[in-house]
Amino acid sequence: MTLLHPAAASAAAEDDAAIPLLSVDRLKAYYRLKLFGIDREVRAVDDVTFAIGRNEIYGLAGESSSGKSTLIKTIAGAIRPPLAVETGSVCFNFSDGTRDIYRLTPRELGEIRWKRLSYIMQGSMSVLNPVRRIRHSFTDFALPHVPEKGAAFAERIGRHLERLHLERSVLDAYPHELSGGMRQRVAIALATVCGPEFIIADEPTTALDVIVQKGVLAMLRGIQRELGSSVLFVTHDMAVHANLTDRLGIMYAGRLVEEGRTRDLFRQPLHPYTRHLISSLPQIGDDTPKKGLEGSPPNLAAPLSGCRFHPRCPLAIDICRREAPPMVAVAPGRRVACHVVTASPDAVAPAMEEVRP
Amino acid sequence: MKPYLTYLSKRLLQFAVVVFVGINIAYVVTHSTPINPVEQTISAATAYGSTSPEAIEMMRRSLSELYGLEGSPWQQYLSFWQRVLVGDFGPSLSAFPTPVSELILRALPWTVGLLLVSTLLTWFLGNLLGGLAGYYRENRVLRAFGVVTAGLHPVPYYVVAFVMLLAFGYLWPILPISGGASMAADRTDVVGFALDVVIHSILPVLSLMAAGIGGWFMGMRSLVSNIVTEDYVTYAELAGVRRGKILRHYVMRNAIGPQVTGLALQLGAIFNGAIITEQVFGYPGIGSLLISAVHAGDYSLVLGITTISILGVSTMVLLIDLLYPLIDPRVEAA
């Protein structure tokens, strides 16, 4: 475990030449359902390519049913029928070697879990076994992955809990004896106690009120800096992304539509969908009425031809209905999948101003 | 600790009320039968020859005392409770003058031994296999077992019992078909006698297990298949916790609660005896005793057996309620 200075860390993140810690390459994951003898496939993740560097927090945003959760399930290697990976690869470049997660035996996968790849699950309120003391959960999850045993192991857990402002006495509690915020912090402690290189966080703060949420996010950020881990942070809450993530990917209907540094993305969103997401955020002093995006997300079981956003897009032109736009790098570290934007990036901003309320 | 003591005292009070009401109902029901045990005994004793009226009168008085039928109904009721508290239910009518308590004590070890072993074995095996079948859903052997159980489960117990009797008593006669032990068993040879008892119990135990295992198996399987979809199980799997550990501490541990309650009720019911089993296999237990008591109108024996089962069921339910916080920490002194 290397502890990087924050300044050095951000320098490393900006170094494009570094091999990314996670590379997802043309990943397609479909749900194959059989209803009344009719086969249906739901294309929840359709041709997604992206990479996450060391020591960065990568945010994944998108509305419900945009395929966020499916994408992280496939990245975590938690694939259970009816979900199946069609093509593509997920490669982790850990400090002790590169691993393609779909080429690992269950045993090898079990070895990297928690030690290198850890997971904070959606609905952290219910991830703790209700009939097991917190201490035993730590033993089950972490003991096989750390060198310490016995008293040294207990000491490691105790110190880690204190780092997250939890008292050591929570170890003797059952989950139902803790408050929601404490349970959330215990879940984060459980996921980070082995010092993993990569942490997947799936909406870990969605169920918490904003005050507790702020504390938990600050804690997550702190522990990430301390461990030098990378985090893939998934939530539909754009405000959380703005405050926490270094880079941001926007998903729409199973596809990545835009990606860039969070700062740039908020300052100058390119994809029409991203624009709508960001303009929907409330701002102090802004008293213009907020307008919802017309229409609804497409049915992923019967995907549209062309760009999946075109029925709701104010900029849609003929080619958008016919051809799916590829992800194109429009600037260093900035990619977008939109025919209109890549044809003439300058034309977009004024056109969007017109459709904005 | 204090809330637990409050809970304990409340629960003990509830226990006492249930037992009291139960025994009262049994008392009222048995005492409303038209049988007068005193007259029955006298007519049996005087059927073969004449007895002087004075002797009959003396007999009537001492019998009334024995059966607790002296004085007004209220006095009878009070003396009934005085005697129940020391475990005295009077003499049996059908086996006069043997006391009821002696008859019950003679039958109880047979029934408790038979039913305790079969109930515990059935519960353990059924839950173990059901838990495994719910967790390892792709396992062919467990699936096949599930199909067989689902087919056998609706078959009435007496059919199962008779089929086993035919199979192992006549078609392939390797096991004794009747009785708790051999008639000529030498009871001074402890090991030999124990072996003899075990051999005699194999058929009844097997038949009880065959009939009872399906319920536990299917119940546990469906409990487990619900629990494996819970977040904490998925999460433990994601964390690479060993499957055996997940099965024991995450899945089974959460599923076992309702099954333990079911077991407690069955264990309590042991004192009712297994009427059909004991009849079919000629087993000398409480069930047989109860049936013959009912046929003979022996109401003090019926009352004695009923009291024992009321106590048995209530005690088991009480015990399980007091032990439940150990199984599920969320259930506390509430």
# chains A, B, ... in the order shown; residues from 1 in each chain; ligands from 1

$ select_by_dssp --residues "segment 2-199 of chain A" --states "strand (DSSP E)" --output "NGL selection string"
:A and (22-35 or 38-52 or 57-61 or 83-94 or 97-100 or 117-120 or 198-199)

$ interface_residues --of "chain A" --to "chain B" --cutoff "6 Å" --atoms "only C-alpha atoms" --output "PyMOL selection string"
chain A and resi 110+113-114+126-129+131

$ select_by_dssp --residues "segment 31-78 of chain A" --states "helix (DSSP H, G or I)" --output "mmCIF file with N, CA, C and O atoms, in the first residue's frame"
data_model
loop_
_atom_site.group_PDB
_atom_site.id
_atom_site.type_symbol
_atom_site.label_atom_id
_atom_site.label_comp_id
_atom_site.auth_asym_id
_atom_site.auth_seq_id
_atom_site.Cartn_x
_atom_site.Cartn_y
_atom_site.Cartn_z
ATOM 1 N N LYS A 68 -26.276 1.878 -15.363
ATOM 2 C CA LYS A 68 -25.152 2.129 -14.457
ATOM 3 C C LYS A 68 -24.853 0.908 -13.599
ATOM 4 O O LYS A 68 -23.728 0.439 -13.528
ATOM 5 N N SER A 69 -25.913 0.416 -12.936
ATOM 6 C CA SER A 69 -25.696 -0.687 -12.006
ATOM 7 C C SER A 69 -25.233 -1.940 -12.728
ATOM 8 O O SER A 69 -24.383 -2.679 -12.235
ATOM 9 N N THR A 70 -25.787 -2.182 -13.912
ATOM 10 C CA THR A 70 -25.352 -3.346 -14.679
ATOM 11 C C THR A 70 -23.883 -3.217 -15.048
ATOM 12 O O THR A 70 -23.117 -4.181 -14.959
ATOM 13 N N LEU A 71 -23.490 -2.008 -15.438
ATOM 14 C CA LEU A 71 -22.092 -1.798 -15.816
ATOM 15 C C LEU A 71 -21.168 -2.115 -14.648
ATOM 16 O O LEU A 71 -20.179 -2.836 -14.812
ATOM 17 N N ILE A 72 -21.510 -1.636 -13.447
ATOM 18 C CA ILE A 72 -20.587 -1.916 -12.347
ATOM 19 C C ILE A 72 -20.647 -3.370 -11.919
ATOM 20 O O ILE A 72 -19.663 -3.924 -11.479
ATOM 21 N N LYS A 73 -21.797 -4.006 -12.091
ATOM 22 C CA LYS A 73 -21.848 -5.447 -11.798
ATOM 23 C C LYS A 73 -20.896 -6.197 -12.713
ATOM 24 O O LYS A 73 -20.173 -7.103 -12.271
ATOM 25 N N THR A 74 -20.885 -5.843 -13.990
ATOM 26 C CA THR A 74 -20.000 -6.550 -14.913
ATOM 27 C C THR A 74 -18.547 -6.219 -14.606
ATOM 28 O O THR A 74 -17.670 -7.066 -14.755
ATOM 29 N N ILE A 75 -18.290 -4.985 -14.158
ATOM 30 C CA ILE A 75 -16.903 -4.628 -13.830
ATOM 31 C C ILE A 75 -16.443 -5.379 -12.583
ATOM 32 O O ILE A 75 -15.299 -5.818 -12.487
ATOM 33 N N ALA A 76 -17.372 -5.571 -11.643
ATOM 34 C CA ALA A 76 -17.006 -6.274 -10.416
ATOM 35 C C ALA A 76 -16.967 -7.785 -10.611
ATOM 36 O O ALA A 76 -16.617 -8.522 -9.705
#

$ residues_around --residues "segment 9-19 of chain B" --least-positions-apart "4" --cutoff "7 Å" --atoms "only C-alpha atoms" --output "list in words"
Leu5, Ile23, Ile310, Leu311, Ser314 and Leu318 of chain B

$ write_last_selection --atoms "N, CA and C atoms" --output "PDB file, in the first residue's frame"
ATOM      1  N   LEU B   5     -35.533  -9.372  32.856  1.00  0.00           N
ATOM      2  CA  LEU B   5     -36.208  -9.939  34.030  1.00  0.00           C
ATOM      3  C   LEU B   5     -37.709  -9.632  33.991  1.00  0.00           C
ATOM      4  N   ILE B  23     -55.609 -27.041  32.006  1.00  0.00           N
ATOM      5  CA  ILE B  23     -55.947 -28.155  32.892  1.00  0.00           C
ATOM      6  C   ILE B  23     -57.408 -28.059  33.339  1.00  0.00           C
ATOM      7  N   ILE B 310     -50.297 -30.835  28.226  1.00  0.00           N
ATOM      8  CA  ILE B 310     -50.419 -29.372  28.368  1.00  0.00           C
ATOM      9  C   ILE B 310     -49.121 -28.806  28.937  1.00  0.00           C
ATOM     10  N   LEU B 311     -48.612 -29.475  29.967  1.00  0.00           N
ATOM     11  CA  LEU B 311     -47.359 -29.019  30.569  1.00  0.00           C
ATOM     12  C   LEU B 311     -46.201 -29.089  29.577  1.00  0.00           C
ATOM     13  N   SER B 314     -46.552 -26.338  26.763  1.00  0.00           N
ATOM     14  CA  SER B 314     -46.322 -24.984  27.292  1.00  0.00           C
ATOM     15  C   SER B 314     -44.876 -24.774  27.695  1.00  0.00           C
ATOM     16  N   LEU B 318     -42.408 -21.996  26.139  1.00  0.00           N
ATOM     17  CA  LEU B 318     -41.768 -21.043  27.050  1.00  0.00           C
ATOM     18  C   LEU B 318     -40.258 -21.029  26.838  1.00  0.00           C
TER      19      LEU B 318
END

$ residues_around --residues "Ser300 of chain B" --least-positions-apart "2" --cutoff "9 Å" --atoms "only C-alpha atoms" --output "ChimeraX atom specification"
/B:30,37,67,89-93,100,293,297-298,302-305

$ write_last_selection --atoms "C-alpha atoms" --output "compact mmCIF listing (two decimals), in the first residue's frame"
# COMPACT_ATOMS: atom_id res chain seq x y z
CA THR B 30 -63.57 -35.31 31.60
CA PRO B 37 -65.96 -44.46 38.13
CA TYR B 67 -61.14 -40.84 42.87
CA PHE B 89 -54.27 -38.41 39.49
CA GLY B 90 -55.85 -41.22 41.49
CA PRO B 91 -56.15 -44.87 40.46
CA SER B 92 -56.77 -45.87 36.90
CA LEU B 93 -60.26 -47.15 36.21
CA VAL B 100 -52.54 -43.23 36.84
CA ALA B 293 -57.98 -45.02 28.24
CA GLY B 297 -63.80 -44.51 29.68
CA ASP B 298 -60.88 -44.24 32.09
CA VAL B 302 -57.21 -39.30 30.14
CA LEU B 303 -56.98 -36.33 32.49
CA GLY B 304 -53.49 -37.36 33.58
CA ILE B 305 -52.20 -37.70 30.02

$ closest_residue --among "B:Val148, B:Ile213, B:Leu171, B:Val228" --to "Met252 of chain B" --atoms "only C-alpha atoms"
B:Val228

$ residues_around --residues "segment 268-279 of chain A" --least-positions-apart "6" --cutoff "7 Å" --atoms "only C-alpha atoms" --output "list in words"
Ile250, Glu258, Cys313, Val336, Cys338 and Val341 of chain A

$ write_last_selection --atoms "N, CA and C atoms" --output "PDB file, in the first residue's frame"
ATOM      1  N   ILE A 250     -21.016  10.085 -18.476  1.00  0.00           N
ATOM      2  CA  ILE A 250     -22.471  10.178 -18.476  1.00  0.00           C
ATOM      3  C   ILE A 250     -23.018   9.018 -19.278  1.00  0.00           C
ATOM      4  N   GLU A 258     -20.869  10.809 -22.858  1.00  0.00           N
ATOM      5  CA  GLU A 258     -19.863  11.854 -22.744  1.00  0.00           C
ATOM      6  C   GLU A 258     -18.957  11.543 -21.573  1.00  0.00           C
ATOM      7  N   CYS A 313     -33.926  14.567 -28.447  1.00  0.00           N
ATOM      8  CA  CYS A 313     -32.850  15.533 -28.646  1.00  0.00           C
ATOM      9  C   CYS A 313     -33.328  16.726 -29.473  1.00  0.00           C
ATOM     10  N   VAL A 336     -16.996  12.450 -26.551  1.00  0.00           N
ATOM     11  CA  VAL A 336     -18.430  12.641 -26.633  1.00  0.00           C
ATOM     12  C   VAL A 336     -18.967  11.814 -27.797  1.00  0.00           C
ATOM     13  N   CYS A 338     -21.766  12.176 -30.203  1.00  0.00           N
ATOM     14  CA  CYS A 338     -22.867  12.945 -30.767  1.00  0.00           C
ATOM     15  C   CYS A 338     -22.450  13.431 -32.146  1.00  0.00           C
ATOM     16  N   VAL A 341     -22.249  17.379 -32.351  1.00  0.00           N
ATOM     17  CA  VAL A 341     -21.138  17.988 -31.630  1.00  0.00           C
ATOM     18  C   VAL A 341     -19.827  17.735 -32.351  1.00  0.00           C
TER      19      VAL A 341
END

$ residues_around --residues "Tyr324 of chain B" --least-positions-apart "6" --cutoff "9 Å" --atoms "only C-alpha atoms" --output "number ranges by chain"
B: 257, 260-261, 331-332

$ write_last_selection --atoms "C-alpha atoms" --output "PDB file, in the first residue's frame"
ATOM      1  CA  GLY B 257     -35.521 -18.967  13.371  1.00  0.00           C
ATOM      2  CA  VAL B 260     -36.669 -23.629  15.624  1.00  0.00           C
ATOM      3  CA  THR B 261     -40.120 -22.424  16.635  1.00  0.00           C
ATOM      4  CA  VAL B 331     -35.844 -10.140  18.968  1.00  0.00           C
ATOM      5  CA  GLU B 332     -35.305  -8.719  22.376  1.00  0.00           C
TER       6      GLU B 332
END

$ atom_distance --atom1 "atom CA of Tyr252 of chain A" --atom2 "atom CA of Leu304 of chain A"
12.7 Å

$ closest_residue --among "A:Tyr58, A:Ser118, A:Arg247, A:Phe50" --to "Cys91 of chain A" --atoms "only C-alpha atoms"
A:Phe50

$ closest_residue --among "B:Phe193, B:Phe80, B:Phe217, B:Trp110" --to "Gly146 of chain B" --atoms "only C-alpha atoms"
B:Phe217

$ atom_distance --atom1 "atom CA of Val317 of chain B" --atom2 "atom CA of Ala269 of chain B"
10.4 Å
